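This is upload.cif (mmCIF, C-alpha atoms).
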data_upload
#
loop_
_atom_site.label_atom_id
_atom_site.label_comp_id
_atom_site.auth_asym_id
_atom_site.auth_seq_id
_atom_site.Cartn_x
_atom_site.Cartn_y
_atom_site.Cartn_z
CA HIS M 1 -10.57 -15.01 153.20
CA HIS M 2 -7.03 -13.83 152.87
CA TYR M 3 -8.28 -10.38 153.70
CA SER M 4 -9.97 -11.48 156.91
CA LYS M 5 -6.71 -11.03 158.73
CA GLU M 6 -7.27 -7.31 158.49
CA TYR M 7 -9.92 -7.74 161.14
CA ILE M 8 -7.24 -8.88 163.44
CA ASP M 9 -6.28 -5.42 164.52
CA ILE M 10 -4.63 -5.00 167.83
CA ASN M 11 -7.16 -3.22 169.96
CA PRO M 12 -5.61 -2.33 173.31
CA LEU M 13 -9.03 -2.12 174.90
CA ARG M 14 -9.85 -5.76 174.27
CA ARG M 15 -8.03 -9.02 174.92
CA LEU M 16 -5.38 -10.14 172.51
CA PRO M 17 -6.79 -11.09 169.10
CA GLY M 18 -8.13 -14.59 169.16
CA LEU M 19 -9.10 -17.22 166.64
CA LYS M 20 -11.53 -20.05 167.23
CA ASP M 21 -11.74 -22.79 164.62
CA GLY M 22 -14.04 -25.45 165.96
CA LYS M 23 -12.43 -26.42 169.24
CA PHE M 24 -9.07 -24.99 168.29
CA ILE M 25 -8.21 -21.67 169.91
CA LEU M 26 -5.25 -19.54 168.94
CA SER M 27 -3.96 -16.20 170.16
CA LYS M 28 -1.17 -13.93 168.94
CA SER M 29 -1.80 -12.24 165.62
CA MET M 30 1.39 -13.63 164.07
CA ALA M 31 0.34 -17.22 164.69
CA ILE M 32 -3.19 -16.47 163.49
CA LEU M 33 -1.92 -14.92 160.25
CA PHE M 34 0.29 -17.92 159.44
CA TYR M 35 -2.52 -20.32 160.29
CA LEU M 36 -4.95 -18.51 157.99
CA CYS M 37 -2.41 -18.41 155.16
CA ARG M 38 -1.84 -22.14 155.41
CA LYS M 39 -5.40 -23.24 156.01
CA TYR M 40 -6.95 -21.16 153.25
CA SER M 41 -4.04 -21.51 150.79
CA THR M 42 -3.86 -17.79 150.29
CA PRO M 43 -1.91 -16.41 147.31
CA SER M 44 1.76 -17.18 147.84
CA HIS M 45 2.94 -13.56 147.86
CA TRP M 46 1.55 -13.15 151.39
CA TYR M 47 4.11 -15.64 152.75
CA PRO M 48 6.44 -16.51 149.84
CA PRO M 49 7.64 -20.12 149.77
CA ASP M 50 11.14 -19.32 148.47
CA LEU M 51 13.62 -20.19 151.25
CA HIS M 52 15.39 -16.84 151.36
CA THR M 53 12.32 -14.64 150.91
CA ARG M 54 10.43 -16.56 153.55
CA ALA M 55 13.40 -16.19 155.89
CA ARG M 56 13.29 -12.43 155.36
CA VAL M 57 9.58 -12.40 156.25
CA ASP M 58 10.32 -14.43 159.40
CA LYS M 59 13.14 -12.05 160.27
CA PHE M 60 10.89 -9.02 159.99
CA MET M 61 8.07 -10.67 161.93
CA ALA M 62 10.48 -11.51 164.77
CA TRP M 63 12.15 -8.09 164.78
CA GLN M 64 8.96 -6.08 164.73
CA HIS M 65 7.67 -7.34 168.09
CA THR M 66 10.14 -5.27 170.06
CA ALA M 67 11.21 -2.81 167.39
CA ILE M 68 7.89 -1.59 166.01
CA GLN M 69 4.87 -2.97 167.82
CA LEU M 70 6.14 -2.10 171.27
CA PRO M 71 7.10 1.56 170.71
CA MET M 72 4.05 2.22 168.49
CA SER M 73 1.58 0.96 171.03
CA LYS M 74 3.47 2.80 173.77
CA MET M 75 2.86 6.00 171.79
CA LEU M 76 -0.82 5.23 171.52
CA TRP M 77 -1.03 4.80 175.28
CA ILE M 78 1.11 7.78 176.12
CA LYS M 79 -0.48 10.25 173.74
CA LEU M 80 -4.07 9.16 173.84
CA LEU M 81 -5.21 6.43 176.18
CA ILE M 82 -3.44 7.35 179.41
CA PRO M 83 -4.48 11.01 179.37
CA MET M 84 -7.98 9.96 178.41
CA ILE M 85 -8.34 7.34 181.12
CA THR M 86 -6.44 8.90 183.99
CA GLY M 87 -7.00 12.53 183.09
CA GLU M 88 -3.25 13.16 183.37
CA GLU M 89 -0.59 13.73 180.76
CA VAL M 90 2.46 11.52 180.70
CA SER M 91 5.72 13.34 181.45
CA ALA M 92 7.39 15.17 178.58
CA GLU M 93 10.56 13.18 179.26
CA LYS M 94 8.85 9.84 178.86
CA THR M 95 7.00 11.06 175.79
CA GLU M 96 10.20 12.30 174.17
CA GLN M 97 11.96 9.03 174.96
CA THR M 98 9.22 6.98 173.30
CA LEU M 99 9.10 9.33 170.33
CA GLU M 100 12.84 8.80 169.86
CA GLU M 101 12.30 5.02 169.92
CA VAL M 102 9.56 5.38 167.30
CA LYS M 103 11.78 7.55 165.09
CA ASN M 104 14.72 5.13 165.37
CA SER M 105 12.53 2.16 164.55
CA LEU M 106 11.11 3.85 161.50
CA LYS M 107 14.59 4.79 160.33
CA LEU M 108 15.72 1.17 160.66
CA PHE M 109 12.54 0.03 158.97
CA GLU M 110 13.21 2.24 155.94
CA GLU M 111 16.92 1.48 155.74
CA LYS M 112 17.04 -2.23 156.51
CA PHE M 113 13.67 -3.55 155.46
CA LEU M 114 11.79 -1.40 152.96
CA GLN M 115 14.83 0.15 151.26
CA ASP M 116 14.01 1.05 147.66
CA LYS M 117 11.54 -1.71 147.04
CA LEU M 118 7.82 -1.35 146.45
CA PHE M 119 7.02 -3.64 149.36
CA ILE M 120 9.16 -5.21 152.05
CA THR M 121 9.80 -8.46 150.18
CA GLY M 122 9.89 -6.95 146.69
CA ASP M 123 7.23 -6.25 144.12
CA LYS M 124 4.27 -7.71 145.94
CA ILE M 125 2.61 -7.14 149.27
CA SER M 126 3.22 -9.74 151.97
CA LEU M 127 2.24 -10.27 155.60
CA THR M 128 5.15 -8.07 156.65
CA ASP M 129 3.72 -4.93 155.02
CA SER M 130 0.33 -5.54 156.53
CA VAL M 131 1.69 -6.14 160.02
CA ALA M 132 4.07 -3.18 159.85
CA LEU M 133 1.44 -0.77 158.65
CA VAL M 134 -1.18 -1.84 161.18
CA ASP M 135 1.37 -1.14 163.93
CA MET M 136 2.33 2.22 162.48
CA MET M 137 -1.27 3.35 162.04
CA GLN M 138 -1.54 3.58 165.81
CA VAL M 139 0.74 6.57 165.85
CA PRO M 140 -0.83 9.19 163.58
CA TRP M 141 -4.29 8.55 164.96
CA GLY M 142 -3.56 7.80 168.57
CA GLY M 143 -0.43 9.83 168.79
CA ASN M 144 -0.98 12.89 166.63
CA HIS M 145 2.55 12.47 165.37
CA ASN M 146 2.09 11.64 161.75
CA VAL M 147 4.87 9.25 160.86
CA PHE M 148 3.80 9.35 157.24
CA LEU M 149 4.14 13.13 156.96
CA ASN M 150 7.83 12.99 157.81
CA SER M 151 8.89 10.56 155.15
CA SER M 152 7.64 10.50 151.59
CA LYS M 153 9.06 7.01 151.17
CA LEU M 154 6.91 5.75 154.04
CA ALA M 155 3.88 7.69 152.81
CA LYS M 156 4.14 6.18 149.34
CA TRP M 157 4.59 2.69 150.76
CA ARG M 158 1.54 3.23 152.97
CA MET M 159 -0.55 4.16 149.93
CA ARG M 160 0.63 1.09 148.04
CA VAL M 161 -0.26 -1.19 150.96
CA GLU M 162 -3.68 0.44 151.33
CA LEU M 163 -4.37 0.01 147.61
CA ALA M 164 -3.15 -3.59 147.59
CA ILE M 165 -5.50 -4.40 150.46
CA GLY M 166 -8.31 -2.26 149.10
CA SER M 167 -9.14 1.13 150.59
CA VAL M 168 -12.63 0.20 151.78
CA LEU M 169 -11.42 -2.83 153.71
CA PHE M 170 -8.36 -0.99 154.99
CA TRP M 171 -10.35 1.86 156.52
CA GLU M 172 -13.05 -0.49 157.77
CA ALA M 173 -10.37 -2.33 159.72
CA HIS M 174 -9.10 0.94 161.17
CA GLU M 175 -12.47 2.34 162.16
CA TRP M 176 -11.72 1.54 165.76
CA LEU M 177 -8.80 3.95 165.75
CA VAL M 178 -10.94 6.76 164.43
CA MET M 179 -13.59 5.99 167.05
CA LEU M 180 -11.03 5.72 169.81
CA ALA M 181 -10.58 9.45 170.04
CA GLU M 182 -14.31 9.81 170.70
CA TRP M 183 -14.56 6.96 173.17
CA ASP M 184 -16.35 7.60 176.45
CA CYS M 185 -14.08 6.05 179.03
CA SER M 186 -16.47 6.39 181.92
CA THR M 187 -17.70 3.01 180.73
CA LEU M 188 -14.34 1.46 181.56
CA ASP M 189 -14.15 -1.34 184.13
CA PRO M 190 -12.51 0.04 187.34
CA MET M 191 -10.08 -2.93 187.48
CA VAL M 192 -8.81 -2.11 184.02
CA GLN M 193 -8.48 1.51 185.05
CA GLU M 194 -6.35 0.46 188.01
CA ARG M 195 -4.06 -1.66 185.86
CA ILE M 196 -3.59 1.24 183.51
CA CYS M 197 -2.59 3.49 186.38
CA GLU M 198 -0.06 0.86 187.51
CA PHE M 199 1.36 0.74 184.01
CA LEU M 200 1.69 4.51 184.09
CA GLN M 201 4.00 4.21 187.05
CA LYS M 202 6.48 2.03 185.14
CA MET A 203 32.35 -21.37 152.31
CA GLY A 204 29.57 -23.36 153.94
CA LEU A 205 27.13 -22.35 156.61
CA GLU A 206 28.52 -19.97 159.23
CA LEU A 207 26.89 -19.25 162.58
CA TYR A 208 27.98 -16.17 164.49
CA LEU A 209 27.25 -16.96 168.12
CA ASP A 210 28.04 -16.16 171.71
CA LEU A 211 26.68 -18.83 174.05
CA LEU A 212 26.22 -16.15 176.69
CA SER A 213 23.17 -15.11 174.64
CA GLN A 214 19.87 -16.97 175.04
CA PRO A 215 18.89 -17.05 171.36
CA CYS A 216 22.41 -18.17 170.38
CA ARG A 217 22.10 -21.21 172.62
CA ALA A 218 18.86 -22.25 170.95
CA VAL A 219 20.45 -21.99 167.49
CA TYR A 220 23.60 -23.83 168.62
CA ILE A 221 21.72 -26.72 170.20
CA PHE A 222 19.39 -27.01 167.21
CA ALA A 223 22.20 -27.12 164.66
CA LYS A 224 24.27 -29.60 166.70
CA LYS A 225 21.36 -31.85 167.59
CA ASN A 226 20.32 -32.13 163.96
CA GLY A 227 23.83 -32.71 162.68
CA ILE A 228 23.78 -29.55 160.57
CA PRO A 229 27.33 -28.82 159.44
CA PHE A 230 28.46 -25.30 160.24
CA GLU A 231 31.48 -23.17 161.01
CA LEU A 232 31.20 -21.61 164.44
CA ARG A 233 32.22 -17.94 164.40
CA PRO A 234 32.49 -16.85 168.04
CA VAL A 235 31.52 -13.26 168.81
CA GLU A 236 32.35 -12.31 172.39
CA LEU A 237 29.72 -9.92 173.66
CA ILE A 238 31.44 -9.01 176.91
CA ARG A 239 34.45 -7.89 174.92
CA GLY A 240 32.25 -5.81 172.63
CA GLN A 241 33.15 -7.85 169.55
CA HIS A 242 29.63 -7.46 168.21
CA LEU A 243 30.36 -3.74 167.89
CA SER A 244 33.34 -4.23 165.60
CA ASP A 245 33.40 -3.08 161.99
CA ALA A 246 34.13 -6.64 160.90
CA PHE A 247 30.98 -7.95 162.49
CA ALA A 248 28.93 -5.03 161.14
CA GLN A 249 29.66 -6.49 157.69
CA VAL A 250 27.78 -9.60 158.76
CA ASN A 251 25.01 -7.89 160.71
CA PRO A 252 24.67 -4.09 160.54
CA LEU A 253 22.27 -4.30 163.48
CA LYS A 254 25.23 -5.62 165.53
CA LYS A 255 23.43 -8.49 167.18
CA VAL A 256 23.89 -12.20 167.59
CA PRO A 257 22.90 -14.77 166.50
CA ALA A 258 23.63 -14.23 162.82
CA LEU A 259 23.78 -16.76 160.00
CA ARG A 260 25.70 -16.56 156.76
CA ASP A 261 25.04 -19.10 154.03
CA GLY A 262 27.08 -18.16 150.98
CA ASP A 263 25.76 -14.75 149.97
CA PHE A 264 22.74 -14.97 152.19
CA THR A 265 22.78 -13.39 155.65
CA LEU A 266 20.06 -13.83 158.24
CA THR A 267 19.42 -12.49 161.73
CA GLU A 268 16.73 -13.07 164.40
CA SER A 269 16.95 -16.44 166.11
CA VAL A 270 13.39 -17.47 165.25
CA ALA A 271 14.01 -16.77 161.56
CA ILE A 272 17.31 -18.67 161.73
CA LEU A 273 15.71 -21.68 163.43
CA LEU A 274 12.95 -21.77 160.81
CA TYR A 275 15.47 -21.42 157.97
CA LEU A 276 17.53 -24.33 159.29
CA THR A 277 14.35 -26.37 159.80
CA ARG A 278 13.34 -25.92 156.18
CA LYS A 279 16.74 -26.20 154.52
CA TYR A 280 17.98 -29.25 156.40
CA LYS A 281 14.72 -31.20 156.60
CA VAL A 282 14.92 -31.95 160.32
CA PRO A 283 12.49 -34.31 162.10
CA ASP A 284 8.89 -33.13 161.88
CA TYR A 285 8.34 -32.66 165.61
CA TRP A 286 10.52 -29.53 165.75
CA TYR A 287 8.03 -27.58 163.60
CA PRO A 288 5.20 -29.97 162.77
CA GLN A 289 3.49 -30.10 159.38
CA ASP A 290 0.17 -30.47 161.14
CA LEU A 291 -1.57 -27.10 160.87
CA GLN A 292 -2.75 -26.78 164.45
CA ALA A 293 0.40 -28.20 166.04
CA ARG A 294 2.46 -25.76 164.00
CA ALA A 295 0.22 -22.86 164.97
CA LEU A 296 0.83 -23.61 168.65
CA VAL A 297 4.58 -23.41 168.09
CA ASP A 298 4.10 -20.09 166.23
CA GLU A 299 2.00 -18.85 169.11
CA TYR A 300 4.73 -19.54 171.65
CA LEU A 301 7.46 -18.10 169.44
CA ALA A 302 5.44 -14.89 169.03
CA TRP A 303 4.62 -14.56 172.74
CA GLN A 304 8.10 -15.10 174.10
CA HIS A 305 9.74 -12.00 172.56
CA THR A 306 8.17 -9.53 174.95
CA ALA A 307 7.39 -11.95 177.76
CA LEU A 308 9.76 -14.71 178.91
CA ARG A 309 12.71 -13.50 176.85
CA ARG A 310 12.50 -10.01 178.25
CA ASN A 311 12.06 -11.08 181.88
CA CYS A 312 14.89 -13.61 181.76
CA LEU A 313 17.22 -11.03 180.25
CA ARG A 314 16.34 -8.43 182.86
CA THR A 315 16.81 -10.95 185.66
CA LEU A 316 20.32 -11.81 184.52
CA TRP A 317 21.30 -8.16 184.17
CA HIS A 318 19.72 -6.90 187.36
CA LYS A 319 20.94 -9.77 189.52
CA VAL A 320 24.41 -10.36 188.12
CA MET A 321 25.61 -8.49 185.07
CA PHE A 322 25.07 -4.92 186.28
CA PRO A 323 26.48 -5.35 189.81
CA VAL A 324 29.26 -7.85 189.05
CA PHE A 325 30.31 -7.23 185.47
CA MET A 326 29.47 -3.54 185.04
CA GLY A 327 30.08 -2.54 188.64
CA GLU A 328 26.71 -0.80 188.74
CA PRO A 329 24.63 -1.66 191.81
CA VAL A 330 20.95 -2.34 191.34
CA SER A 331 18.50 -1.27 194.02
CA PRO A 332 16.78 -4.06 195.98
CA GLN A 333 13.42 -2.64 194.86
CA MET A 334 14.35 -2.84 191.19
CA LEU A 335 15.60 -6.39 191.58
CA ALA A 336 12.52 -7.41 193.52
CA ALA A 337 10.26 -5.94 190.81
CA THR A 338 12.14 -7.80 188.10
CA LEU A 339 11.97 -11.09 189.99
CA ALA A 340 8.26 -10.57 190.58
CA GLU A 341 7.69 -10.05 186.84
CA LEU A 342 9.66 -13.19 186.12
CA ASP A 343 7.49 -15.07 188.55
CA VAL A 344 4.31 -13.94 186.79
CA THR A 345 5.72 -14.99 183.41
CA LEU A 346 6.75 -18.40 184.74
CA GLN A 347 3.23 -18.92 185.98
CA LEU A 348 1.88 -18.00 182.54
CA LEU A 349 4.31 -20.43 180.96
CA GLU A 350 2.93 -23.21 183.14
CA ASP A 351 -0.73 -22.26 182.99
CA LYS A 352 -1.12 -21.14 179.40
CA PHE A 353 1.46 -23.17 177.53
CA LEU A 354 2.67 -26.24 179.39
CA GLN A 355 -0.53 -27.12 181.26
CA ASN A 356 -0.63 -30.91 181.58
CA LYS A 357 1.30 -31.73 178.44
CA ALA A 358 4.71 -33.36 178.22
CA PHE A 359 6.08 -30.45 176.19
CA LEU A 360 4.90 -26.90 175.59
CA THR A 361 2.86 -27.58 172.48
CA GLY A 362 2.12 -31.29 172.72
CA PRO A 363 3.58 -34.74 173.31
CA HIS A 364 6.89 -34.00 171.55
CA ILE A 365 9.67 -31.46 171.90
CA SER A 366 9.49 -28.56 169.44
CA LEU A 367 11.23 -25.25 168.69
CA ALA A 368 9.06 -23.73 171.41
CA ASP A 369 10.63 -25.89 174.14
CA LEU A 370 14.13 -25.25 172.87
CA VAL A 371 13.62 -21.48 172.87
CA ALA A 372 11.96 -21.59 176.30
CA ILE A 373 14.55 -23.76 178.04
CA THR A 374 17.49 -21.70 176.80
CA GLU A 375 15.72 -18.60 178.07
CA LEU A 376 15.09 -20.10 181.51
CA MET A 377 18.77 -20.93 181.89
CA HIS A 378 19.47 -17.19 181.99
CA PRO A 379 17.99 -16.68 185.48
CA VAL A 380 19.46 -20.06 186.49
CA GLY A 381 22.87 -18.71 185.49
CA ALA A 382 22.11 -15.68 187.63
CA GLY A 383 21.52 -17.92 190.62
CA CYS A 384 17.71 -17.96 190.58
CA GLN A 385 16.14 -21.31 191.40
CA VAL A 386 13.34 -20.98 188.87
CA PHE A 387 12.48 -24.67 188.96
CA GLU A 388 12.27 -24.89 192.75
CA GLY A 389 8.70 -24.99 193.94
CA ARG A 390 7.55 -25.61 190.37
CA PRO A 391 7.47 -29.39 190.01
CA LYS A 392 5.64 -29.27 186.68
CA LEU A 393 8.23 -27.00 185.13
CA ALA A 394 11.07 -29.01 186.70
CA ALA A 395 9.71 -32.23 185.19
CA TRP A 396 9.39 -30.53 181.81
CA ARG A 397 12.99 -29.35 182.06
CA GLN A 398 14.18 -32.92 182.64
CA ARG A 399 12.26 -34.08 179.59
CA VAL A 400 13.66 -31.31 177.39
CA GLU A 401 17.23 -31.98 178.57
CA ALA A 402 16.81 -35.69 177.88
CA ALA A 403 15.37 -35.00 174.41
CA VAL A 404 18.21 -32.62 173.55
CA GLY A 405 20.88 -34.84 175.11
CA LYS A 406 22.49 -34.07 178.47
CA ASP A 407 25.99 -33.57 177.08
CA LEU A 408 24.93 -31.13 174.39
CA PHE A 409 22.74 -29.29 176.89
CA ARG A 410 25.60 -28.97 179.35
CA GLU A 411 28.03 -27.85 176.66
CA ALA A 412 25.68 -25.15 175.43
CA HIS A 413 25.17 -23.79 178.94
CA GLU A 414 28.74 -23.79 180.24
CA VAL A 415 29.16 -20.06 179.63
CA ILE A 416 25.90 -18.81 181.16
CA LEU A 417 26.40 -20.95 184.24
CA LYS A 418 29.66 -19.09 184.87
CA ALA A 419 28.16 -15.61 184.41
CA LYS A 420 28.48 -14.90 188.13
CA ASP A 421 32.24 -15.31 187.83
CA PHE A 422 32.90 -12.92 184.97
CA PRO A 423 35.68 -10.46 185.85
CA PRO A 424 34.51 -6.85 185.99
CA ALA A 425 34.59 -4.96 182.71
CA ASP A 426 37.32 -2.40 182.19
CA PRO A 427 36.07 1.20 181.92
CA THR A 428 36.47 1.42 178.12
CA THR A 429 34.48 -1.74 177.48
CA LYS A 430 31.89 -0.69 180.01
CA GLN A 431 31.42 2.63 178.28
CA LYS A 432 31.13 0.94 174.90
CA LEU A 433 28.56 -1.59 176.06
CA MET A 434 26.39 0.46 178.39
CA PRO A 435 24.09 2.38 175.99
CA ARG A 436 23.11 -0.73 174.03
CA VAL A 437 22.61 -2.77 177.18
CA LEU A 438 20.27 -0.16 178.60
CA ALA A 439 18.27 -0.11 175.35
CA MET A 440 18.17 -3.90 175.24
CA ILE A 441 16.72 -4.49 178.67
CA GLN A 442 13.96 -1.91 178.64
#
Show the structure stored in the file as structure tokens.
Amino acid sequence: HHYSKEYIDINPLRRLPGLKDGKFILSKSMAILFYLCRKYSTPSHWYPPDLHTRARVDKFMAWQHTAIQLPMSKMLWIKLLIPMITGEEVSAEKTEQTLEEVKNSLKLFEEKFLQDKLFITGDKISLTDSVALVDMMQVPWGGNHNVFLNSSKLAKWRMRVELAIGSVLFWEAHEWLVMLAEWDCSTLDPMVQERICEFLQK
Amino acid sequence: MGLELYLDLLSQPCRAVYIFAKKNGIPFELRPVELIRGQHLSDAFAQVNPLKKVPALRDGDFTLTESVAILLYLTRKYKVPDYWYPQDLQARALVDEYLAWQHTALRRNCLRTLWHKVMFPVFMGEPVSPQMLAATLAELDVTLQLLEDKFLQNKAFLTGPHISLADLVAITELMHPVGAGCQVFEGRPKLAAWRQRVEAAVGKDLFREAHEVILKAKDFPPADPTTKQKLMPRVLAMIQ
């Protein structure tokens, strides 16, 4: 059960991830992850109970919304989805700007969060590693800019996270990314297409 | 050295932390960091938070940033009343849901409103086009509607019958556009009623005290060129 969170991948083509537990409905992957940890009493390393360690997990989870998730999914849109859906490339300027944001975020991630540890909180994997990696996976596949090629520290951490989760499950959860490149977007709802074009103008 | 909180009440997340600590009688040393004077960019402050942001907490050797993390830390360490972050699984999950949503939604729009309406033109001396301002206000409007429709609905508070961290974070955010002169509660009776309830639960005096600075944002003297130059790049990055 504590692996089921891996199915909560952020798929930009669907609504936000949702959980339904009887009549109880919850959105936002962060809230869902915490709920699952608590309800199913998952091993404590996922969300360590120690005051300071837990605070560090909370800090990362808060920071990553704007620092990692946002630029990574922007890259996915800019490099893959927008050209695919609208048939037009996004300007080089905008692409460069987003790439810079991605690079800065990853630098901060390595220096302030991962540092020289095996995982973000120490010797064991926690929710932070899972969340961070799922965000970052959007870039090599959707973006063709392999963040893991540029840093051996990141590449090694990625491998450790994959192994801790289990390779089969990890890649099963990321199937959608692999399939995304082959997606036939003529099936896309015209209203969604319009919203995407509006977003492009921002 | 006991608990230290590095705050500037101009900042939305700082207000939430300040109110929470005061309301719950948590003893702390207030370490003011004046953002408009660029004090967050000083070497001294970088020792506390290398990311150069407020709020920041220091508890002995332990340093913490990110207002949500700080609020949760204080909740756990000082054993505050349950309603702030309920033990009940589902009630707690609803608070988590709001706290996750607000980063890129209400927080962002309230920040942009303050900067586009007041801080850029008045403090930085940089005019903002009417189109840009209109777009920002329109986005704020959409977010306010979401706040009412998705979160508040017909409840007394955002996640249920009692005030929680979600309400505290939300109300301090909404005071940003209020400080900029936007009547966000006008024409929104549900939200206005909720505001009254939150203010009453927090305590009117504490609420007023925490919001003195933001309510005077329109009257800030213009920044001198050096300060402006220092602040500009980070401001632009912050309000994207």
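Picture a line from atom CA of Leu316 of chain A to atom CA of Thr429 of chain A; it runs 18.7 Å.
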What do you get, as JSON, numbers by chain, if you spell out every residue that the PyMOL selection byres ((chain A and resi 298) around 10) selects here?
{"M": [26, 27, 28, 29, 30, 31, 32, 33, 34, 35], "A": [270, 287, 292, 293, 294, 295, 296, 297, 299, 300, 301, 302, 303, 361, 367, 368]}
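With all atoms listed in the file as the atoms that count, the minimum distance from chain M to the choices A:Val282, A:Ala394, A:Val404, A:Leu266 is reached by A:Leu266.
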Applied to this file, what does the PyMOL selection byres ((chain A and resi 256) around 12) return in terms of residues, put as a PyMOL selection string?
chain A and resi 207-220+233-237+240-243+247-248+250-255+257-260+266-270+272
Got a sec: who's within 8 Å of segment 330-332 of chain A, counting all atoms listed in the file, leaving out chain neighbours fewer than 5 positions off, as number ranges by chain?
A: 318-319, 322-323
So that I have them on file, write out the residues from the current selection with C-alpha atoms, as a PDB file, in the frame of the given file.
ATOM      1  CA  HIS A 318      19.720  -6.900 187.360  1.00  0.00           C
ATOM      2  CA  LYS A 319      20.940  -9.770 189.520  1.00  0.00           C
ATOM      3  CA  PHE A 322      25.070  -4.920 186.280  1.00  0.00           C
ATOM      4  CA  PRO A 323      26.480  -5.350 189.810  1.00  0.00           C
TER       5      PRO A 323
END
Interface, chain M side, toward chain A (10 Å; all atoms listed in the file) as a VMD selection string
chain M and resid 21 24 to 36 38 to 39 51 to 52 54 to 66 70 101 108 112
Name every residue that the PyMOL selection byres ((chain A and resi 415) around 9) selects in this structure, writing the answer as a list in words with chains first and numbers rising.
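Checked against the file, the PyMOL selection byres ((chain A and resi 415) around 9) matches Asp210, Leu211, Leu212, Gly381, Glu411, Ala412, His413, Glu414, Ile416, Leu417, Lys418 and Ala419 of chain A.
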For the atom pair atom CA of Met72 of chain M and atom CA of Met137 of chain M, what is the interatomic distance in Å to one decimal place?
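Rounded to one decimal, the two atoms are 8.4 Å apart.
Among the candidates A:Glu375, A:Glu328, A:Lys392, A:Gly262, the one nearest to Phe353 of chain A when counting only C-alpha atoms is A:Lys392.
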N, CA, C and O atoms modelled onto segment 385-396 of chain A, as a PDB file, in the frame of the given file:
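Okay, this is what ended up in selection_2.pdb:
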ATOM      1  N   GLN A 385      16.614 -19.927 191.440  1.00  0.00           N
ATOM      2  CA  GLN A 385      16.140 -21.310 191.400  1.00  0.00           C
ATOM      3  C   GLN A 385      14.749 -21.365 190.793  1.00  0.00           C
ATOM      4  O   GLN A 385      13.779 -21.612 191.484  1.00  0.00           O
ATOM      5  N   VAL A 386      14.662 -21.109 189.480  1.00  0.00           N
ATOM      6  CA  VAL A 386      13.340 -20.980 188.870  1.00  0.00           C
ATOM      7  C   VAL A 386      12.531 -22.272 188.887  1.00  0.00           C
ATOM      8  O   VAL A 386      11.299 -22.237 188.774  1.00  0.00           O
ATOM      9  N   PHE A 387      13.214 -23.409 188.994  1.00  0.00           N
ATOM     10  CA  PHE A 387      12.480 -24.670 188.960  1.00  0.00           C
ATOM     11  C   PHE A 387      12.080 -25.162 190.344  1.00  0.00           C
ATOM     12  O   PHE A 387      11.285 -26.094 190.473  1.00  0.00           O
ATOM     13  N   GLU A 388      12.620 -24.503 191.385  1.00  0.00           N
ATOM     14  CA  GLU A 388      12.270 -24.890 192.750  1.00  0.00           C
ATOM     15  C   GLU A 388      10.857 -24.437 193.055  1.00  0.00           C
ATOM     16  O   GLU A 388      10.496 -23.290 192.799  1.00  0.00           O
ATOM     17  N   GLY A 389      10.082 -25.340 193.621  1.00  0.00           N
ATOM     18  CA  GLY A 389       8.700 -24.990 193.940  1.00  0.00           C
ATOM     19  C   GLY A 389       7.804 -25.036 192.721  1.00  0.00           C
ATOM     20  O   GLY A 389       6.641 -24.645 192.780  1.00  0.00           O
ATOM     21  N   ARG A 390       8.358 -25.471 191.584  1.00  0.00           N
ATOM     22  CA  ARG A 390       7.550 -25.610 190.370  1.00  0.00           C
ATOM     23  C   ARG A 390       7.767 -27.004 189.794  1.00  0.00           C
ATOM     24  O   ARG A 390       8.486 -27.162 188.775  1.00  0.00           O
ATOM     25  N   PRO A 391       7.196 -28.007 190.427  1.00  0.00           N
ATOM     26  CA  PRO A 391       7.470 -29.390 190.010  1.00  0.00           C
ATOM     27  C   PRO A 391       7.112 -29.687 188.549  1.00  0.00           C
ATOM     28  O   PRO A 391       7.824 -30.421 187.867  1.00  0.00           O
ATOM     29  N   LYS A 392       6.042 -29.026 188.073  1.00  0.00           N
ATOM     30  CA  LYS A 392       5.640 -29.270 186.680  1.00  0.00           C
ATOM     31  C   LYS A 392       6.722 -28.797 185.730  1.00  0.00           C
ATOM     32  O   LYS A 392       7.101 -29.491 184.773  1.00  0.00           O
ATOM     33  N   LEU A 393       7.221 -27.594 185.989  1.00  0.00           N
ATOM     34  CA  LEU A 393       8.230 -27.000 185.130  1.00  0.00           C
ATOM     35  C   LEU A 393       9.535 -27.786 185.240  1.00  0.00           C
ATOM     36  O   LEU A 393      10.234 -27.999 184.246  1.00  0.00           O
ATOM     37  N   ALA A 394       9.851 -28.229 186.472  1.00  0.00           N
ATOM     38  CA  ALA A 394      11.070 -29.010 186.700  1.00  0.00           C
ATOM     39  C   ALA A 394      11.035 -30.311 185.911  1.00  0.00           C
ATOM     40  O   ALA A 394      12.031 -30.712 185.293  1.00  0.00           O
ATOM     41  N   ALA A 395       9.859 -30.963 185.920  1.00  0.00           N
ATOM     42  CA  ALA A 395       9.710 -32.230 185.190  1.00  0.00           C
ATOM     43  C   ALA A 395       9.858 -31.991 183.690  1.00  0.00           C
ATOM     44  O   ALA A 395      10.505 -32.763 182.974  1.00  0.00           O
ATOM     45  N   TRP A 396       9.287 -30.886 183.231  1.00  0.00           N
ATOM     46  CA  TRP A 396       9.390 -30.530 181.810  1.00  0.00           C
ATOM     47  C   TRP A 396      10.851 -30.284 181.432  1.00  0.00           C
ATOM     48  O   TRP A 396      11.335 -30.747 180.405  1.00  0.00           O
TER      49      TRP A 396
END
